[in-house]
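Report on the following structure.
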Amino acid sequence: MPHDDHDHDHEPGSALSDVELRVRALESLLVEKGYVDPAALDAIVETYETKIGPRNGARVVAKAWADPAYRERLLADATAAIAELGFSGRGGEHMIVVENTPEVHNLIVCTLCSCYPWPVLGLPPVWYKSAPYRSRAVIDPRGVLADFGVTLPAGVKIRVWDSNSELRYLVLPMRPAGTEGWDEDRLATLVTRDSMIGTGLPSAPGKAPA
Amino acid sequence: MNGAHDMGGVAGFGPVVVEADEPVFHAEWERRVLAINVAAGATGAWNIDMSRFVRENRPAIEYLTTPYYAIWLAGLEHLVVETGLLTALELATGEALVPPKPVKQVLAAADVEERLLRGWPTERPVGFPPRFEVGAAVRTRVIAPATHTRLPRYARGRPGTVHAWHGAHVFPDAHAHGHGEAPHHLYTVRFEAKDLWGPDTTADAVYLNCWEPYLEATS
C-alpha cells in the first residue's frame, strides 16, 4: 500500500500531521500516568530496527542447509531448533518451518491481518500487510509470484499457509546449486527475506558476496 | 466479523507493490506506535486478540484507506479508553486529568529484551482430548459472527483434512471479548484449493489453523 501524506518527513517548524499529534498525545499521557517507561519504548524501537530482522532467519536457513541433523530438528520442532540460535519470543512463540522441494513451493500470508514470524524476519514489509498481497496469495499465488518477478516451473505445486493463529511460519528454501562446501556464514549471504516468505528464491551463488 | 480485513480471495486491489530497500519504519511516528503498542500491551490491560478486534472493527472504508500503523494507533486509542487507562477527554486534550489506574505490570527498559525473547505463548494445558486425529476428514462450520473470529470467509463450510495437531491454544473468538482464554485444541487443516475456489486458482492447497469449534466431522 502506498503511503499517504501522513508519512512525509516534516521540516523543522512545520505543522505536525494529525497522526503525529495523536501519537505524541498518546505517548506522553501513557508515560505521564506511569503505564509505560519511555526508555522501554526506545529499547523496543532499537530492538526491531537494529537487532531483529531477516538476518536471523538467514542464519536458521543456512544452518539447515549445512547441517542435516539441524534440518531434521528444525522440521520436527521449529520453535526449539530456532531457539538454539537464540531467536524466540514475541510473534514467534510457536514456529513451523515448511520446506520447499523440486515438487512443492510454499508461500506464507496472513489474510486477516499481518501475522509474521518476528523473531526470525523482523517486522513485516508494507507489501506483506497490504490488501493486494493478503487478498490474492490464497487464490492466485502464481500471479503474486509474477508481481515479484518469480516464475516457477508449471508442474510445481504451490501450498499457501494462512497465518491465522499464533503459529508462525518460515519457509526453508532449496539450497542453490553450486554451493557445495560453503560454510554457514557464506550460505547465509544467499538467503533473502522473500525466500523465507516464499515470494522469492535464494540468490544465485554468482550474485552473492564471497 | 465479516469485516474489510477478511480479504482472502477478494479481487480488485491490484498488483503487489514492492518497495526496494524498504526501511523498517517510514516515519518517526511509526516507530512510536510500534513501541507504544508493545509496551502498553505489556501492562496486561488488554490482550492481542482484543487488539486485533479493535483494528478490524474500524469502519470498512477507513480500514482500507488508512496506513497500517495508523490503524494500530486508532486501535490503541480505543483500547486505552475502553480499559480505563485514559479518559476520552485526556486523549482529546493531551492532559492527564484523573489519577492513573493500577495495571498488572509496567515493562521496564532493562526487561525489554528478556520479555520479548520470552514472548506470550498461547498453548495451554486442558483436561480434554482432541476430537480429531491427523488425517481426519473435517468440514469447517458456517458462521458469521459480529464478533472476532479467525475463521476467514473463504474457508467456511469447506471440506478439509487435518494435517497437524498443535495442542490446545487460547481461543481468540472468546479472548477478544473478555470471555477468558477458553483454550481449545488447534489444528492445521489442509484444504484442496479447488474446494475453496473451484478451477479458478493457481494454488494446490491452502493450509489454515482451525480451533476445534471451527470444525465438524464429515461422515
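Following the order of the C-alpha cells, chains are lettered A, B, ..., residues in each are numbered from 1, and ligands are numbered from 1.
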- Which residues come within 10 Å of B:Ile48, counting only C-alpha atoms, excluding same-chain residues fewer than 3 positions away, as a PyMOL selection string? chain B and resi 37-38+41-42+44+51-53+120+172+175-176
When the cut-off is 6 Å and we count only C-alpha atoms, which residues of chain B are near chain A, given as a PDB file with C-alpha atoms, in the first residue's frame?
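As written to disk, iface30.pdb reads:
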```
ATOM      1  CA  HIS B   5      -9.934  -7.073   6.962  1.00  0.00           C
ATOM      2  CA  ASP B   6     -11.110 -10.523   5.831  1.00  0.00           C
ATOM      3  CA  MET B   7      -9.822 -10.173   2.294  1.00  0.00           C
ATOM      4  CA  GLY B   8      -8.655 -13.629   1.197  1.00  0.00           C
ATOM      5  CA  GLY B   9      -9.822 -14.122  -2.400  1.00  0.00           C
ATOM      6  CA  VAL B  10     -11.245 -10.607  -2.841  1.00  0.00           C
ATOM      7  CA  PHE B  13      -6.833  -4.497  -5.042  1.00  0.00           C
ATOM      8  CA  GLY B  14      -4.352  -4.528  -7.902  1.00  0.00           C
ATOM      9  CA  PRO B  15      -0.816  -5.879  -8.061  1.00  0.00           C
ATOM     10  CA  VAL B  16       1.538  -6.243  -5.116  1.00  0.00           C
ATOM     11  CA  VAL B  18       7.222  -3.874  -3.520  1.00  0.00           C
ATOM     12  CA  ALA B  27       8.493   7.879   9.763  1.00  0.00           C
ATOM     13  CA  TRP B  29       5.592   8.261  14.389  1.00  0.00           C
ATOM     14  CA  ALA B  35       6.774   0.733  20.643  1.00  0.00           C
ATOM     15  CA  GLY B  94      -3.473  15.696  25.833  1.00  0.00           C
ATOM     16  CA  PRO B 100      -3.725   6.524  36.904  1.00  0.00           C
ATOM     17  CA  VAL B 106       4.958  -1.829  33.657  1.00  0.00           C
ATOM     18  CA  ALA B 108      10.987  -1.568  32.335  1.00  0.00           C
ATOM     19  CA  ALA B 109      13.640  -0.799  29.755  1.00  0.00           C
ATOM     20  CA  LEU B 116      10.382 -10.100  24.058  1.00  0.00           C
ATOM     21  CA  LEU B 117      12.514 -13.262  23.947  1.00  0.00           C
ATOM     22  CA  ARG B 118      10.028 -14.981  26.259  1.00  0.00           C
ATOM     23  CA  GLY B 119       7.039 -13.786  24.247  1.00  0.00           C
ATOM     24  CA  PRO B 121       2.938 -18.307  24.228  1.00  0.00           C
ATOM     25  CA  ARG B 150     -10.058 -16.160  12.919  1.00  0.00           C
ATOM     26  CA  THR B 201      -6.908 -20.842  -8.679  1.00  0.00           C
ATOM     27  CA  THR B 202      -3.187 -21.345  -9.157  1.00  0.00           C
ATOM     28  CA  ALA B 203      -2.745 -22.802  -5.669  1.00  0.00           C
ATOM     29  CA  ASP B 204      -2.589 -26.516  -4.988  1.00  0.00           C
ATOM     30  CA  ALA B 205      -3.666 -26.336  -1.358  1.00  0.00           C
ATOM     31  CA  VAL B 206      -4.276 -23.787   1.387  1.00  0.00           C
ATOM     32  CA  TYR B 207      -3.386 -24.592   4.989  1.00  0.00           C
ATOM     33  CA  LEU B 208      -5.305 -22.834   7.747  1.00  0.00           C
TER      34      LEU B 208
END
```
- Go through stretch 1-202 of chain A and collect every residue that DSSP, computed from the backbone, puts in strand (DSSP E); the answer should be as a list of chain:residue names. A:His94, A:Met95, A:Ile96, A:Val97, A:Val98, A:Glu99, A:Val104, A:His105, A:Asn106, A:Leu107, A:Ile108, A:Val109, A:Lys157, A:Ile158, A:Arg159, A:Val160, A:Trp161, A:Asp162, A:Leu167, A:Arg168, A:Tyr169, A:Leu170, A:Val171, A:Leu172
- Pull the alpha helix (DSSP H) assignments for stretch 57-190 of chain A out of DSSP run on the backbone, and list those residues as a PyMOL selection string. chain A and resi 57-66+68-76+78-83+118-121+126-129+131-136+141-147+184-188
Suppose we keep N, CA and C atoms; can you now write the selection as a compact mmCIF listing (two decimals), in the first residue's frame?
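Just written: out-v6.txt:
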```txt
# COMPACT_ATOMS: atom_id res chain seq x y z
N GLY A 57 16.69 -15.11 10.38
CA GLY A 57 16.13 -16.23 9.61
C GLY A 57 17.15 -16.82 8.66
N ALA A 58 18.00 -15.95 8.09
CA ALA A 58 19.02 -16.44 7.16
C ALA A 58 19.99 -17.38 7.87
N ARG A 59 20.28 -17.09 9.13
CA ARG A 59 21.17 -17.99 9.88
C ARG A 59 20.51 -19.35 10.09
N VAL A 60 19.19 -19.33 10.36
CA VAL A 60 18.46 -20.59 10.55
C VAL A 60 18.52 -21.42 9.27
N VAL A 61 18.22 -20.76 8.15
CA VAL A 61 18.18 -21.48 6.87
C VAL A 61 19.57 -22.00 6.51
N ALA A 62 20.58 -21.16 6.67
CA ALA A 62 21.94 -21.58 6.31
C ALA A 62 22.38 -22.78 7.14
N LYS A 63 22.01 -22.76 8.42
CA LYS A 63 22.40 -23.90 9.27
C LYS A 63 21.67 -25.17 8.84
N ALA A 64 20.41 -25.02 8.45
CA ALA A 64 19.65 -26.19 7.99
C ALA A 64 20.24 -26.75 6.70
N TRP A 65 20.75 -25.87 5.84
CA TRP A 65 21.40 -26.32 4.60
C TRP A 65 22.71 -27.05 4.88
N ALA A 66 23.43 -26.57 5.89
CA ALA A 66 24.78 -27.08 6.13
C ALA A 66 24.79 -28.29 7.06
N PRO A 68 22.59 -31.46 8.32
CA PRO A 68 21.38 -32.29 8.15
C PRO A 68 20.66 -32.60 9.46
N ALA A 69 21.41 -32.76 10.54
CA ALA A 69 20.75 -33.05 11.82
C ALA A 69 19.94 -31.84 12.30
N TYR A 70 20.49 -30.64 12.06
CA TYR A 70 19.74 -29.44 12.42
C TYR A 70 18.48 -29.31 11.58
N ARG A 71 18.59 -29.60 10.28
CA ARG A 71 17.41 -29.55 9.41
C ARG A 71 16.31 -30.47 9.95
N GLU A 72 16.70 -31.67 10.38
CA GLU A 72 15.71 -32.60 10.92
C GLU A 72 15.03 -32.00 12.15
N ARG A 73 15.84 -31.43 13.05
CA ARG A 73 15.26 -30.83 14.27
C ARG A 73 14.36 -29.66 13.91
N LEU A 74 14.77 -28.89 12.92
CA LEU A 74 14.01 -27.70 12.52
C LEU A 74 12.64 -28.08 11.97
N LEU A 75 12.61 -29.13 11.17
CA LEU A 75 11.33 -29.55 10.59
C LEU A 75 10.45 -30.25 11.62
N ALA A 76 11.08 -30.87 12.63
CA ALA A 76 10.31 -31.60 13.64
C ALA A 76 9.78 -30.67 14.73
N ALA A 78 10.29 -26.64 15.14
CA ALA A 78 10.95 -25.42 14.70
C ALA A 78 11.19 -24.45 15.85
N THR A 79 10.25 -24.36 16.78
CA THR A 79 10.41 -23.41 17.88
C THR A 79 11.69 -23.70 18.65
N ALA A 80 11.90 -24.98 18.98
CA ALA A 80 13.09 -25.36 19.75
C ALA A 80 14.36 -25.20 18.92
N ALA A 81 14.31 -25.59 17.66
CA ALA A 81 15.51 -25.52 16.83
C ALA A 81 15.92 -24.07 16.59
N ILE A 82 14.95 -23.19 16.41
CA ILE A 82 15.26 -21.77 16.20
C ILE A 82 15.79 -21.16 17.49
N ALA A 83 15.26 -21.61 18.63
CA ALA A 83 15.74 -21.10 19.92
C ALA A 83 17.19 -21.50 20.18
N TRP A 118 8.18 -12.66 13.64
CA TRP A 118 9.03 -11.54 14.06
C TRP A 118 10.45 -11.97 14.48
N PRO A 119 10.62 -13.00 15.32
CA PRO A 119 11.99 -13.26 15.80
C PRO A 119 12.97 -13.62 14.69
N VAL A 120 12.48 -14.18 13.59
CA VAL A 120 13.39 -14.58 12.52
C VAL A 120 13.37 -13.65 11.31
N LEU A 121 12.31 -12.89 11.13
CA LEU A 121 12.25 -11.99 9.96
C LEU A 121 12.10 -10.52 10.34
N VAL A 126 5.75 -3.44 4.12
CA VAL A 126 4.41 -2.88 3.85
C VAL A 126 3.62 -3.80 2.91
N TRP A 127 4.29 -4.35 1.89
CA TRP A 127 3.52 -5.16 0.93
C TRP A 127 2.89 -6.38 1.60
N TYR A 128 3.57 -6.93 2.62
CA TYR A 128 3.03 -8.14 3.27
C TYR A 128 1.72 -7.82 3.99
N LYS A 129 1.60 -6.57 4.45
CA LYS A 129 0.41 -6.14 5.20
C LYS A 129 -0.66 -5.57 4.28
N ALA A 131 -3.43 -4.97 1.12
CA ALA A 131 -4.58 -5.68 0.56
C ALA A 131 -4.24 -6.50 -0.68
N PRO A 132 -3.43 -5.99 -1.62
CA PRO A 132 -3.15 -6.82 -2.81
C PRO A 132 -2.54 -8.18 -2.45
N TYR A 133 -1.59 -8.18 -1.52
CA TYR A 133 -0.96 -9.45 -1.16
C TYR A 133 -1.91 -10.34 -0.37
N ARG A 134 -2.53 -9.77 0.64
CA ARG A 134 -3.41 -10.57 1.51
C ARG A 134 -4.60 -11.15 0.75
N SER A 135 -5.09 -10.44 -0.25
CA SER A 135 -6.27 -10.92 -0.97
C SER A 135 -5.93 -12.00 -1.99
N ARG A 136 -4.78 -11.86 -2.64
CA ARG A 136 -4.50 -12.74 -3.79
C ARG A 136 -3.67 -13.95 -3.45
N PRO A 141 -1.54 -17.62 -6.11
CA PRO A 141 -0.14 -17.42 -5.71
C PRO A 141 0.80 -17.26 -6.89
N ARG A 142 0.51 -17.89 -8.03
CA ARG A 142 1.39 -17.69 -9.19
C ARG A 142 1.32 -16.25 -9.70
N GLY A 143 0.15 -15.67 -9.65
CA GLY A 143 0.03 -14.27 -10.02
C GLY A 143 0.79 -13.37 -9.08
N VAL A 144 0.74 -13.67 -7.80
CA VAL A 144 1.50 -12.90 -6.81
C VAL A 144 3.00 -13.06 -7.07
N LEU A 145 3.42 -14.29 -7.32
CA LEU A 145 4.85 -14.52 -7.59
C LEU A 145 5.29 -13.74 -8.83
N ALA A 146 4.42 -13.64 -9.81
CA ALA A 146 4.76 -12.86 -11.02
C ALA A 146 5.01 -11.40 -10.66
N ASP A 147 4.25 -10.87 -9.69
CA ASP A 147 4.48 -9.50 -9.25
C ASP A 147 5.89 -9.34 -8.66
N GLU A 184 28.36 -21.97 6.77
CA GLU A 184 27.07 -21.35 7.08
C GLU A 184 27.08 -19.84 6.82
N ASP A 185 28.17 -19.19 7.18
CA ASP A 185 28.21 -17.73 7.00
C ASP A 185 28.07 -17.36 5.53
N ARG A 186 28.74 -18.13 4.70
CA ARG A 186 28.68 -17.82 3.27
C ARG A 186 27.31 -18.18 2.69
N LEU A 187 26.78 -19.32 3.13
CA LEU A 187 25.44 -19.70 2.67
C LEU A 187 24.39 -18.65 3.06
N ALA A 188 24.54 -18.09 4.26
CA ALA A 188 23.55 -17.11 4.75
C ALA A 188 23.46 -15.89 3.84
```
- Query: Which one of A:Asn100, A:Ser17, A:Arg55, A:Asp67 sits closest to A:Trp182 if you count only C-alpha atoms?
  - Reply: A:Asp67
- All residues 9 Å or closer to B:Phe132, only C-alpha atoms, same chain fewer than 3 positions away omitted, as a list in words: Pro129, Gly135, Ala136, Ala137, Val138, Val162, Trp165, Tyr187, Glu212 and Ala217 of chain B
Could you write those residues out with N, CA and C atoms, as a compact mmCIF listing (two decimals), in the first residue's frame?
```
# COMPACT_ATOMS: atom_id res chain seq x y z
N PRO B 129 -9.37 -34.44 25.60
CA PRO B 129 -8.55 -34.85 24.46
C PRO B 129 -9.00 -34.17 23.17
N GLY B 135 -5.18 -36.59 9.73
CA GLY B 135 -5.72 -37.38 8.62
C GLY B 135 -7.23 -37.41 8.57
N ALA B 136 -7.89 -36.94 9.62
CA ALA B 136 -9.36 -36.98 9.66
C ALA B 136 -9.96 -36.01 8.64
N ALA B 137 -11.06 -36.45 8.06
CA ALA B 137 -11.82 -35.56 7.17
C ALA B 137 -12.71 -34.67 8.03
N VAL B 138 -12.65 -33.39 7.79
CA VAL B 138 -13.43 -32.42 8.57
C VAL B 138 -14.10 -31.43 7.61
N VAL B 162 -7.32 -32.91 8.36
CA VAL B 162 -6.45 -32.48 9.46
C VAL B 162 -5.01 -32.85 9.12
N TRP B 165 -1.85 -31.45 14.55
CA TRP B 165 -2.50 -31.04 15.80
C TRP B 165 -1.44 -30.35 16.65
N TYR B 187 -5.68 -27.11 15.25
CA TYR B 187 -5.22 -27.98 14.17
C TYR B 187 -4.78 -27.14 12.99
N GLU B 212 -10.83 -26.16 17.43
CA GLU B 212 -11.83 -27.23 17.29
C GLU B 212 -13.26 -26.71 17.08
N ALA B 217 -17.05 -33.01 12.12
CA ALA B 217 -16.65 -34.22 11.41
C ALA B 217 -17.49 -34.38 10.16
```
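Atom CA of B:Leu151 sits 18.5 Å away from atom CA of B:Ala60.
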- Task: Choose the residue, out of B:Glu114, B:Glu216, B:Ile61, B:Gly198, that has the smallest atom-to-atom separation from B:Gly160; count only C-alpha atoms.
- Result: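 Ranking B:Glu114, B:Glu216, B:Ile61, B:Gly198 by distance to B:Gly160, first place goes to B:Glu216.
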- Query: Could you pull the residues within 6 Å of B:Thr43, counting only C-alpha atoms, minus those fewer than 4 positions along the same chain, as a list in words?
  - Reply: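 Returned residues: Val103, Lys104, Gln105 and Val106 of chain B.
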